[in-house]
Amino acid sequence: MMLGKRAVVVGAGMGGLTAARALANSFETVLVLERDTLPAEAEHRAGIPQGKHVHALLAGGQRALDELFPGFEDDLVRSGAVPMRAGLDLRTERPGFDPFPQRDLGIRAYALSRPQVEFLVRRRVQEVAGIELRQGCRVQELVAREDGSTVTGVRYVDRDGATVTASAELVVDASGRGTLTLELLEALGQAAPEETTIGVDVNYATAVFAIPDDAPSDWKGVFTFAGSDGRGALMLPLEGRRWILTIAGRHAVKPPGDEVGFMAFTRQLRTPTIYNAIEHAKRLGEIVRFGFPASTYRHHEGLTTFPRGLLPLGDAICRFNPVYGQGMSVAAQEARALDRLLSDLAAQPDPLAGLAPAFFKWAAELIEAPWASAAIPDFVHPETRGKRPENFEQMLKYGLAMGKLAARDPDVHRLTAEVQHLLKPRSVYQDPALVQRVLAIMVE
Ligand SMILES: Cc1cc2nc3c(=O)[nH]c(=O)nc-3n(C[C@H](O)[C@H](O)[C@H](O)COP(=O)(O)OP(=O)(O)OC[C@H]3O[C@@H](n4cnc5c(N)ncnc54)[C@H](O)[C@@H]3O)c2cc1C
């Protein structure tokens, strides 16, 4: 059943594209407005500067994509994405475990470049009847009724410089920063969502290498956690027999963007695995850098008033610390939740009336696990800004004990991987038998 004539989506990133797919099941037409000119192939574009850096697609995100676009996994395989068996193909080196035991946990994910995953999703979206993707269109503002009760559309500047108003019964703000939503709330005199921020000051430098013929065969990627000097790295394979290596630091530790500095930083990682692998590998393209000051979570679920006909989604709600590789996957899960919600609400006399509060509740449930999983390790660093979780020291010790148990017991290892890949909620950790085993390790 159709809920309305037209929905508008601001932004054709991972959040906007997946949201458009969800909306197409409930609106006669969906108009996606994107300020960039979109490349015809899997190439970088200005609106996604982060796309030049390592982008992990978690198994939970991939499943959401597969539900929204049936057969998406086949698209991944055909595009040359590299299958990664969780627990086995990514060598994980963390203090105390160099490496963490490698075992096939029965969870399959894929490694590919950010432009490639976005391109595959965009191609699928363009095949859906009823979705129109308009490029070179910068949305300037959301348009609402004077009484502030309802958003009625957007005003944008098209590629010829003309200002256009597009009306819609529902607008999804998937613009990443979400400032359009905040500006509207301010203009209407309505409360803005409360924000939790964690100042992480993560600094990235990234290079891509051709995988040499003599590359090690016992791993496809390497995750070297930082030690006390704050230097860490993640190297994943990409389509086209390449590795993408992102070296990272926090606060004052800033990985260099020149070749000599980049190689020296890599050599100083806690283990020599990555340096040995790339030492003689051919670098393809430039070294690029990125600074990410803070994770930000806007608690829309706490608002008592919010205009009808508006939903922020993806980074516009929550920008995660990128080192945990969660943002694209959570955006896809939110879009899947939106699809289910619209179909559940279809039977109501006025389905759009209850949409925003119901969606924000679902989004909060989806965000809880990835946000909490990141916040605890983030606060290990003394310079991290923000409110430390209560019982932080205890939670930290508990997490370390859980890691020890996971190293010893493949079933617990699988469970932690399922939570980390957003396949299961963190509540699975409350199983009393598991809690007893972790507590026993804490007193060893
Ligand atoms: C350095 C870095 C590394 C990351 N690594 C990972 C990772 O490993 N795994 C992972 O899952 N996630 C990662 N992320 C997060 C991920 O990139 C985002 O969470 C994900 O892209 C979802 O974002 P989005 O679609 O909500 O917004 P975005 O990706 O920011 O897309 C917003 C889109 O809206 C467009 N737009 C903005 N304003 C307007 C406007 N006014 N009018 C029209 N169009 C507009 C932009 O051009 C863009 O296309 C990383 C992020 C960073 C910064």
# chains A, B, ... in the order shown; residues from 1 in each chain; ligands from 1
call {"tool": "select_by_dssp", "arguments": {"residues": "stretch 174-300 of chain A", "states": "strand (DSSP E)", "output": "PyMOL selection string"}}
result
chain A and resi 194-210+221-224+232-238+242-250+283-299
call {"tool": "write_last_selection", "arguments": {"atoms": "C-alpha atoms", "output": "PDB file, in the first residue's frame"}}
result
ATOM      1  CA  GLU A 194      20.578  16.407  22.887  1.00  0.00           C
ATOM      2  CA  GLU A 195      24.055  15.521  21.662  1.00  0.00           C
ATOM      3  CA  THR A 196      26.573  13.128  23.126  1.00  0.00           C
ATOM      4  CA  THR A 197      30.054  13.724  21.786  1.00  0.00           C
ATOM      5  CA  ILE A 198      33.243  11.813  22.350  1.00  0.00           C
ATOM      6  CA  GLY A 199      36.321  13.797  21.371  1.00  0.00           C
ATOM      7  CA  VAL A 200      38.556  11.138  19.857  1.00  0.00           C
ATOM      8  CA  ASP A 201      40.825  13.190  17.533  1.00  0.00           C
ATOM      9  CA  VAL A 202      41.527  10.280  15.213  1.00  0.00           C
ATOM     10  CA  ASN A 203      44.095  10.990  12.472  1.00  0.00           C
ATOM     11  CA  TYR A 204      44.386   8.831   9.353  1.00  0.00           C
ATOM     12  CA  ALA A 205      46.886   8.495   6.525  1.00  0.00           C
ATOM     13  CA  THR A 206      46.095   6.017   3.765  1.00  0.00           C
ATOM     14  CA  ALA A 207      47.879   4.455   0.808  1.00  0.00           C
ATOM     15  CA  VAL A 208      46.916   1.741  -1.660  1.00  0.00           C
ATOM     16  CA  PHE A 209      49.401  -0.942  -2.783  1.00  0.00           C
ATOM     17  CA  ALA A 210      49.450  -3.642  -5.464  1.00  0.00           C
ATOM     18  CA  GLY A 221      44.192  -8.349   5.929  1.00  0.00           C
ATOM     19  CA  VAL A 222      45.838  -7.210   9.166  1.00  0.00           C
ATOM     20  CA  PHE A 223      44.478  -5.153  12.062  1.00  0.00           C
ATOM     21  CA  THR A 224      47.308  -4.005  14.317  1.00  0.00           C
ATOM     22  CA  GLY A 232      47.648   1.502  14.944  1.00  0.00           C
ATOM     23  CA  ALA A 233      46.836   0.304  11.431  1.00  0.00           C
ATOM     24  CA  LEU A 234      44.260  -1.573   9.392  1.00  0.00           C
ATOM     25  CA  MET A 235      45.132  -3.093   6.043  1.00  0.00           C
ATOM     26  CA  LEU A 236      42.366  -4.718   3.989  1.00  0.00           C
ATOM     27  CA  PRO A 237      42.309  -6.175   0.491  1.00  0.00           C
ATOM     28  CA  LEU A 238      40.379  -4.361  -2.243  1.00  0.00           C
ATOM     29  CA  ARG A 242      45.175  -4.300  -4.021  1.00  0.00           C
ATOM     30  CA  TRP A 243      45.659  -3.571  -0.348  1.00  0.00           C
ATOM     31  CA  ILE A 244      44.431  -0.387   1.282  1.00  0.00           C
ATOM     32  CA  LEU A 245      46.483   0.535   4.334  1.00  0.00           C
ATOM     33  CA  THR A 246      45.266   3.142   6.790  1.00  0.00           C
ATOM     34  CA  ILE A 247      47.707   4.046   9.547  1.00  0.00           C
ATOM     35  CA  ALA A 248      46.145   5.887  12.450  1.00  0.00           C
ATOM     36  CA  GLY A 249      46.938   7.846  15.572  1.00  0.00           C
ATOM     37  CA  ARG A 250      44.998   9.835  18.134  1.00  0.00           C
ATOM     38  CA  ARG A 283      52.268   2.036  -4.099  1.00  0.00           C
ATOM     39  CA  LEU A 284      49.378   3.085  -6.335  1.00  0.00           C
ATOM     40  CA  GLY A 285      48.433   6.765  -6.111  1.00  0.00           C
ATOM     41  CA  GLU A 286      48.937   9.400  -3.468  1.00  0.00           C
ATOM     42  CA  ILE A 287      48.988   9.171   0.305  1.00  0.00           C
ATOM     43  CA  VAL A 288      45.879  10.912   1.677  1.00  0.00           C
ATOM     44  CA  ARG A 289      45.075  12.130   5.185  1.00  0.00           C
ATOM     45  CA  PHE A 290      41.933  12.684   7.231  1.00  0.00           C
ATOM     46  CA  GLY A 291      41.181  14.103  10.664  1.00  0.00           C
ATOM     47  CA  PHE A 292      38.099  13.045  12.623  1.00  0.00           C
ATOM     48  CA  PRO A 293      37.634  15.151  15.767  1.00  0.00           C
ATOM     49  CA  ALA A 294      34.628  13.631  17.501  1.00  0.00           C
ATOM     50  CA  SER A 295      31.914  10.994  17.406  1.00  0.00           C
ATOM     51  CA  THR A 296      28.496  12.627  17.685  1.00  0.00           C
ATOM     52  CA  TYR A 297      25.192  11.043  18.617  1.00  0.00           C
ATOM     53  CA  ARG A 298      22.066  13.207  18.368  1.00  0.00           C
ATOM     54  CA  HIS A 299      19.373  11.733  20.571  1.00  0.00           C
TER      55      HIS A 299
END
call {"tool": "residues_near_ligand", "arguments": {"ligand": "ligand 1", "cutoff": "7 Å", "atoms": "only C-alpha atoms and all ligand atoms", "output": "ChimeraX atom specification"}}
result
/A:10-16,33-36,47-48,50-51,53-58,137-140,174-177,204,290,292,313-316,319-320,322-329,331
call {"tool": "residues_around", "arguments": {"residues": "stretch 77-86 of chain A", "least_positions_apart": "5", "cutoff": "7 Å", "atoms": "only C-alpha atoms", "output": "list in words"}}
result
Asp104, Leu105, Gly106, Ile107, Arg108, Ala109, Tyr110, Ala111, Leu112, Pro237, Leu238, Glu239 and Gly240 of chain A
call {"tool": "atom_distance", "arguments": {"atom1": "atom CA of A:Pro312", "atom2": "atom CA of A:Asp173"}}
result
4.4 Å
